[in-house]
$ cat entry.txt   # compact mmCIF, C-alpha atoms
# COMPACT_ATOMS: atom_id res chain seq x y z
CA MET Z 14 94.70 72.25 -1.29
CA ASN Z 15 95.77 75.71 -0.52
CA ILE Z 16 99.59 75.82 -0.46
CA SER Z 17 99.87 78.28 2.44
CA LYS Z 18 97.68 76.08 4.70
CA SER Z 19 99.82 72.98 3.88
CA ILE Z 20 103.04 74.73 4.82
CA ILE Z 21 101.60 75.88 8.19
CA ALA Z 22 100.41 72.30 8.96
CA ILE Z 23 103.87 70.84 8.25
CA LEU Z 24 105.56 73.41 10.48
CA LEU Z 25 103.17 72.66 13.36
CA VAL Z 26 103.76 68.88 13.11
CA VAL Z 27 107.55 69.34 13.11
CA GLY Z 28 107.33 71.61 16.16
CA CYS Z 29 105.35 68.90 18.02
CA GLY Z 30 107.88 66.08 17.68
CA GLY Z 31 107.95 65.46 13.85
CA ASN Z 32 111.08 65.21 11.73
CA LYS Z 33 113.90 66.61 13.82
CA ASN Z 34 115.92 67.38 10.70
CA ALA Z 35 113.18 69.51 9.28
CA LYS Z 36 113.58 73.20 9.49
CA THR Z 37 111.33 74.80 12.04
CA ALA Z 38 110.03 78.28 12.09
CA VAL Z 39 110.10 80.33 15.25
CA GLN Z 40 106.62 81.45 16.07
CA PRO Z 41 105.86 84.50 18.06
CA GLU Z 42 104.93 83.75 21.68
CA SER Z 43 101.45 84.99 20.99
CA ILE Z 44 100.68 82.04 18.62
CA GLN Z 45 102.81 79.18 20.08
CA GLN Z 46 100.66 76.31 21.44
CA PRO Z 47 101.73 73.32 23.59
CA CYS Z 48 101.52 69.80 22.17
CA SER Z 49 99.80 66.69 23.51
CA PRO Z 50 101.66 63.31 23.76
CA THR Z 51 99.92 62.18 20.53
CA GLY Z 52 101.40 65.06 18.61
CA GLU Z 53 98.13 66.88 18.37
CA ILE Z 54 97.97 70.53 19.11
CA GLU Z 55 96.34 71.43 22.41
CA VAL Z 56 94.43 74.61 22.25
CA VAL Z 57 94.82 76.47 25.51
CA ALA Z 58 92.36 79.21 26.17
CA GLU Z 59 94.00 82.29 27.54
CA THR Z 60 92.55 83.61 30.80
CA PRO Z 61 91.77 87.28 30.45
CA THR Z 62 93.87 89.36 32.75
CA GLU Z 63 91.79 91.34 35.21
CA ALA Z 64 92.71 94.91 35.94
CA PRO Z 65 94.34 95.28 39.37
CA ALA Z 66 91.88 96.28 42.03
CA GLN Z 67 92.06 99.93 42.85
CA GLU Z 68 93.15 100.44 46.45
CA LEU Z 69 90.83 102.60 48.50
CA PRO Z 70 92.20 105.02 51.08
CA PRO Z 71 91.97 103.71 54.66
CA GLU Z 72 88.82 104.73 56.49
CA VAL Z 73 89.39 107.50 58.99
CA VAL Z 74 87.81 106.57 62.32
CA PRO Z 75 87.49 109.42 64.86
CA PRO Z 76 89.03 108.63 68.26
CA GLU Z 77 86.53 107.62 70.92
CA GLU Z 78 86.14 109.70 74.04
CA THR Z 79 87.22 107.62 76.96
CA ALA Z 80 86.97 108.11 80.67
CA PRO Z 81 90.13 109.38 82.35
CA GLU Z 82 92.51 106.82 83.71
CA VAL Z 83 92.72 106.18 87.44
CA GLY Z 84 94.32 109.07 89.29
CA GLN Z 85 93.74 111.64 86.54
CA ILE Z 86 90.74 113.47 88.00
CA GLU Z 87 91.86 116.58 89.85
CA PHE Z 88 90.15 119.06 92.12
CA VAL Z 89 91.80 122.46 91.77
CA LEU Z 90 91.32 124.60 94.90
CA ASN Z 91 91.94 128.20 93.87
CA ASN Z 92 92.22 130.93 96.52
CA GLN Z 93 91.04 134.16 94.86
CA GLY Z 94 90.56 136.02 98.15
CA LYS Z 95 92.87 138.38 100.03
CA GLU Z 96 93.54 136.13 103.03
CA ASP Z 97 95.19 132.74 103.42
CA LEU Z 98 92.97 129.69 103.09
CA VAL Z 99 93.81 127.01 105.65
CA LEU Z 100 92.75 123.39 105.12
CA SER Z 101 92.75 121.10 108.16
CA LEU Z 102 94.03 117.65 107.22
CA ASP Z 103 94.07 116.04 110.67
CA LYS Z 104 91.34 113.65 109.49
CA GLY Z 105 92.58 113.42 105.91
CA TRP Z 106 90.99 114.87 102.75
CA GLN Z 107 87.52 113.39 103.27
CA PRO Z 108 86.25 116.16 105.63
CA VAL Z 109 87.75 118.83 103.31
CA ILE Z 110 86.38 117.70 99.92
CA TYR Z 111 83.14 115.77 99.52
CA ALA Z 112 80.51 115.21 96.84
CA TYR Z 113 76.83 114.37 96.69
CA SER Z 114 74.10 113.87 94.08
CA GLY Z 115 70.57 115.16 94.34
CA LYS Z 116 69.43 117.82 96.78
CA PRO Z 117 69.14 117.77 100.58
CA PRO Z 118 67.46 116.17 102.44
CA LYS Z 119 67.41 113.41 99.79
CA ALA Z 120 71.00 113.90 98.68
CA LYS Z 121 73.25 110.85 98.30
CA SER Z 122 76.91 111.31 99.13
CA ILE Z 123 80.00 109.42 98.02
CA ILE Z 124 83.16 108.99 100.06
CA MET Z 125 85.98 109.95 97.73
CA PHE Z 126 88.82 109.61 100.25
CA PRO Z 127 89.29 107.13 103.12
CA MET Z 128 87.91 108.16 106.48
CA HIS Z 129 90.32 108.77 109.31
CA CYS Z 130 91.88 105.71 110.93
CA THR Z 131 90.32 103.11 108.60
CA ALA Z 132 91.91 100.44 106.42
CA ASN Z 133 91.01 98.55 103.28
CA CYS Z 134 89.04 95.37 104.06
CA GLU Z 135 91.68 93.36 102.18
CA GLU Z 136 94.18 94.23 104.93
CA LYS Z 137 91.98 92.51 107.54
CA LYS Z 138 92.99 94.77 110.39
CA CYS Z 139 91.63 97.45 112.69
CA LEU Z 140 93.90 100.48 112.99
CA ARG Z 141 94.88 102.03 116.32
CA CYS Z 142 95.20 105.80 116.08
CA LYS Z 143 96.31 107.72 119.14
CA GLU Z 144 95.24 111.32 119.51
CA ALA Z 145 97.11 113.99 121.42
CA GLU Z 146 95.52 115.17 124.67
CA ARG Z 147 97.54 118.20 125.72
CA VAL Z 148 96.95 121.44 123.87
CA ARG Z 149 100.57 121.94 122.91
CA ASP Z 150 100.72 118.39 121.56
CA ILE Z 151 97.52 118.94 119.60
CA ILE Z 152 98.92 122.11 118.04
CA LYS Z 153 102.21 120.38 117.28
CA SER Z 154 100.52 117.43 115.56
CA GLU Z 155 98.18 119.55 113.45
CA LYS Z 156 98.29 118.84 109.72
CA ARG Z 157 97.42 121.86 107.64
CA LYS Z 158 97.64 122.99 104.06
CA VAL Z 159 97.82 126.75 103.51
CA ILE Z 160 96.85 128.27 100.17
CA ALA Z 161 98.11 131.83 99.83
CA PRO Z 162 96.03 134.50 98.03
CA GLY Z 163 96.24 133.96 94.27
CA ASP Z 164 97.62 130.42 94.63
CA SER Z 165 95.97 127.06 94.03
CA ILE Z 166 96.57 123.39 94.75
CA SER Z 167 95.48 120.22 92.93
CA VAL Z 168 94.06 117.23 94.77
CA PRO Z 169 93.95 114.02 92.66
CA TRP Z 170 91.07 111.54 92.93
CA ASP Z 171 90.91 108.07 91.41
CA GLY Z 172 87.17 108.17 90.67
CA LEU Z 173 86.40 105.42 93.20
CA ASP Z 174 83.88 105.47 96.02
CA HIS Z 175 84.80 104.09 99.46
CA VAL Z 176 82.08 101.71 100.67
CA TYR Z 177 82.28 100.89 104.39
CA LYS Z 178 81.21 97.85 106.35
CA LYS Z 179 81.76 96.49 109.84
CA THR Z 180 84.59 94.05 110.48
CA ARG Z 181 86.51 92.49 113.33
CA ALA Z 182 90.25 91.87 113.60
CA SER Z 183 92.67 91.20 116.47
CA GLY Z 184 89.82 91.09 118.94
CA ARG Z 185 88.57 94.57 117.97
CA SER Z 186 85.58 95.81 116.00
CA CYS Z 187 85.92 98.56 113.43
CA LYS Z 188 84.92 99.63 109.92
CA CYS Z 189 86.84 98.86 106.76
CA PHE Z 190 86.29 99.94 103.16
CA THR Z 191 86.20 98.50 99.67
CA LYS Z 192 86.60 100.67 96.56
CA GLN Z 193 84.30 100.69 93.56
CA PRO Z 194 83.51 103.10 90.71
CA ALA Z 195 81.30 105.96 91.83
CA PRO Z 196 77.73 105.67 90.46
CA PRO Z 197 77.00 107.60 87.24
CA GLU Z 198 75.42 110.85 88.42
CA VAL Z 199 75.73 114.63 88.37
CA TYR Z 200 77.46 115.57 91.61
CA THR Z 201 77.92 118.73 93.60
CA VAL Z 202 81.52 118.91 94.80
CA ARG Z 203 82.14 121.03 97.89
CA ALA Z 204 85.45 121.98 99.56
CA CYS Z 205 85.78 123.97 102.78
CA GLY Z 206 88.58 125.71 104.67
CA LEU Z 207 89.24 128.47 107.13
CA ARG Z 208 89.80 131.97 105.83
CA VAL Z 209 92.43 133.27 108.24
CA THR Z 210 92.53 136.99 108.88
CA LYS Z 211 95.46 138.90 110.35
CA SER Z 212 93.28 141.79 111.50
CA ALA Z 213 92.60 142.10 115.21
CA THR Z 214 89.12 143.42 114.48
CA LYS Z 215 88.03 140.57 112.23
CA ARG Z 216 87.49 136.93 112.96
CA SER Z 217 88.59 134.00 110.81
CA LYS Z 218 85.68 132.48 108.90
CA TYR Z 219 84.82 129.04 107.60
CA HIS Z 220 84.61 129.34 103.83
CA CYS Z 221 83.42 126.88 101.15
CA ALA Z 222 83.48 126.62 97.36
CA GLU Z 223 81.36 124.45 95.05
CA GLY Z 224 81.62 122.90 91.62
CA THR Z 225 79.77 120.37 89.44
CA MET Z 226 81.06 116.96 88.38
CA THR Z 227 79.45 114.49 85.98
CA LEU Z 228 80.40 110.81 86.18
CA PRO Z 229 81.62 108.98 84.26
CA MET Z 230 83.88 111.75 83.03
CA VAL Z 231 85.18 112.03 79.47
CA ALA Z 232 88.51 113.21 78.10
CA GLY Z 233 88.99 116.94 78.46
CA GLN Z 234 86.96 117.22 81.68
CA GLU Z 235 89.47 115.85 84.15
CA LYS Z 236 89.75 119.02 86.25
CA ILE Z 237 87.09 120.39 88.59
CA GLU Z 238 87.92 123.94 89.64
CA LEU Z 239 86.72 125.17 93.02
CA LEU Z 240 87.02 128.95 93.41
CA PHE Z 241 87.36 130.45 96.88
CA LYS Z 242 86.42 134.10 96.24

$ encode --input "entry.txt" --output "structure tokens"
Amino acid sequence: MNISKSIIAILLVVGCGGNKNAKTAVQPESIQQPCSPTGEIEVVAETPTEAPAQELPPEVVPPEETAPEVGQIEFVLNNQGKEDLVLSLDKGWQPVIYAYSGKPPKAKSIIMFPMHCTANCEEKKCLRCKEAERVRDIIKSEKRKVIAPGDSISVPWDGLDHVYKKTRASGRSCKCFTKQPAPPEVYTVRACGLRVTKSATKRSKYHCAEGTMTLPMVAGQEKIELLFK
């Protein structure tokens, strides 16, 4: 028998529960093996260590274009003329700014602002709106918005169409509205006012401005400019 092999066998037996008084050799961790209850050496196969997975940079996803939030669409009325522009608001904004798709006589309009003296159908009521009869009372109760030359104003719109239907409340018949998103279309937006002149030889004139609006709108197109030249 080869002497070197005999010595290694004795050392392995001692390390696995043999003679406690025998001298044992310290083996490097790379060759130490666990023992079974019978004293035999259990050969444990080492699991190869896999290389850590290489982390990939996070994918860059471009932001999606979203429609403007409610109340963020604005109509900018810009007076570029030399006279004041007067907007009559006695009946609200609906007679001043309106929009339609298509071309007359087949145009389809939307009602962007509530009509005068009407309520939401959820309120279940018919409004009573008194109107002045005497001239001085009419003049006193007038609601106007004046845009000076070179100035502009912004009128916000929530992007909702007012749909009207007949209703009855408190013994009276009237019309009420519900609100829903305006249909996807290309619209012509039109705003009108009175161009007031201070000259005694010239008369004030009704003046309008137009713009184009596409619905649904995307980010970056929230303002529709209407130029009164």

$ residues_around --input "entry.txt" --residues "region 220-227 of chain Z" --least-positions-apart "4" --cutoff "8 Å" --atoms "all atoms listed in the file" --output "ChimeraX atom specification"
/Z:197-208,237-241

$ atom_distance --input "entry.txt" --atom1 "CA of Ile151 (chain Z)" --atom2 "CA of His175 (chain Z)"
28.1 Å

$ closest_residue --input "entry.txt" --among "Z:Leu102, Z:Ala112, Z:Ile124, Z:Ala195" --to "Ser154 (chain Z)" --atoms "all atoms listed in the file"
Z:Leu102

$ closest_residue --input "entry.txt" --among "Z:Gln85, Z:Arg157, Z:Glu96, Z:Pro196" --to "Ser212 (chain Z)" --atoms "all atoms listed in the file"
Z:Glu96

$ atom_distance --input "entry.txt" --atom1 "CA of Lys143 (chain Z)" --atom2 "CA of Pro169 (chain Z)"
27.3 Å

$ closest_residue --input "entry.txt" --among "Z:Ser165, Z:Gln234, Z:Gln193, Z:Ser122" --to "Gln107 (chain Z)" --atoms "all atoms listed in the file"
Z:Ser122

$ residues_near_point --input "entry.txt" --point "(90.5, 121.7, 96.4)" --cutoff "7 Å" --atoms "only C-alpha atoms" --output "number ranges by chain"
Z: 88-90, 110, 166-168, 204, 239

$ write_last_selection --input "entry.txt" --atoms "C-alpha atoms" --output "mmCIF file, in the coordinates of the input"
data_model
loop_
_atom_site.group_PDB
_atom_site.id
_atom_site.type_symbol
_atom_site.label_atom_id
_atom_site.label_comp_id
_atom_site.auth_asym_id
_atom_site.auth_seq_id
_atom_site.Cartn_x
_atom_site.Cartn_y
_atom_site.Cartn_z
ATOM 1 C CA PHE Z 88 90.150 119.060 92.120
ATOM 2 C CA VAL Z 89 91.800 122.460 91.770
ATOM 3 C CA LEU Z 90 91.320 124.600 94.900
ATOM 4 C CA ILE Z 110 86.380 117.700 99.920
ATOM 5 C CA ILE Z 166 96.570 123.390 94.750
ATOM 6 C CA SER Z 167 95.480 120.220 92.930
ATOM 7 C CA VAL Z 168 94.060 117.230 94.770
ATOM 8 C CA ALA Z 204 85.450 121.980 99.560
ATOM 9 C CA LEU Z 239 86.720 125.170 93.020
#

$ atom_distance --input "entry.txt" --atom1 "CA of Tyr219 (chain Z)" --atom2 "CA of Asp97 (chain Z)"
11.8 Å

$ closest_residue --input "entry.txt" --among "Z:Pro229, Z:Pro194, Z:Gly105, Z:Gly172" --to "Ile86 (chain Z)" --atoms "only C-alpha atoms"
Z:Gly172

$ closest_residue --input "entry.txt" --among "Z:Lys242, Z:Phe126, Z:Ala161, Z:Val109" --to "Val176 (chain Z)" --atoms "only C-alpha atoms"
Z:Phe126

$ closest_residue --input "entry.txt" --among "Z:Asn133, Z:Thr210, Z:Asn91, Z:Ser217" --to "Thr191 (chain Z)" --atoms "all atoms listed in the file"
Z:Asn133
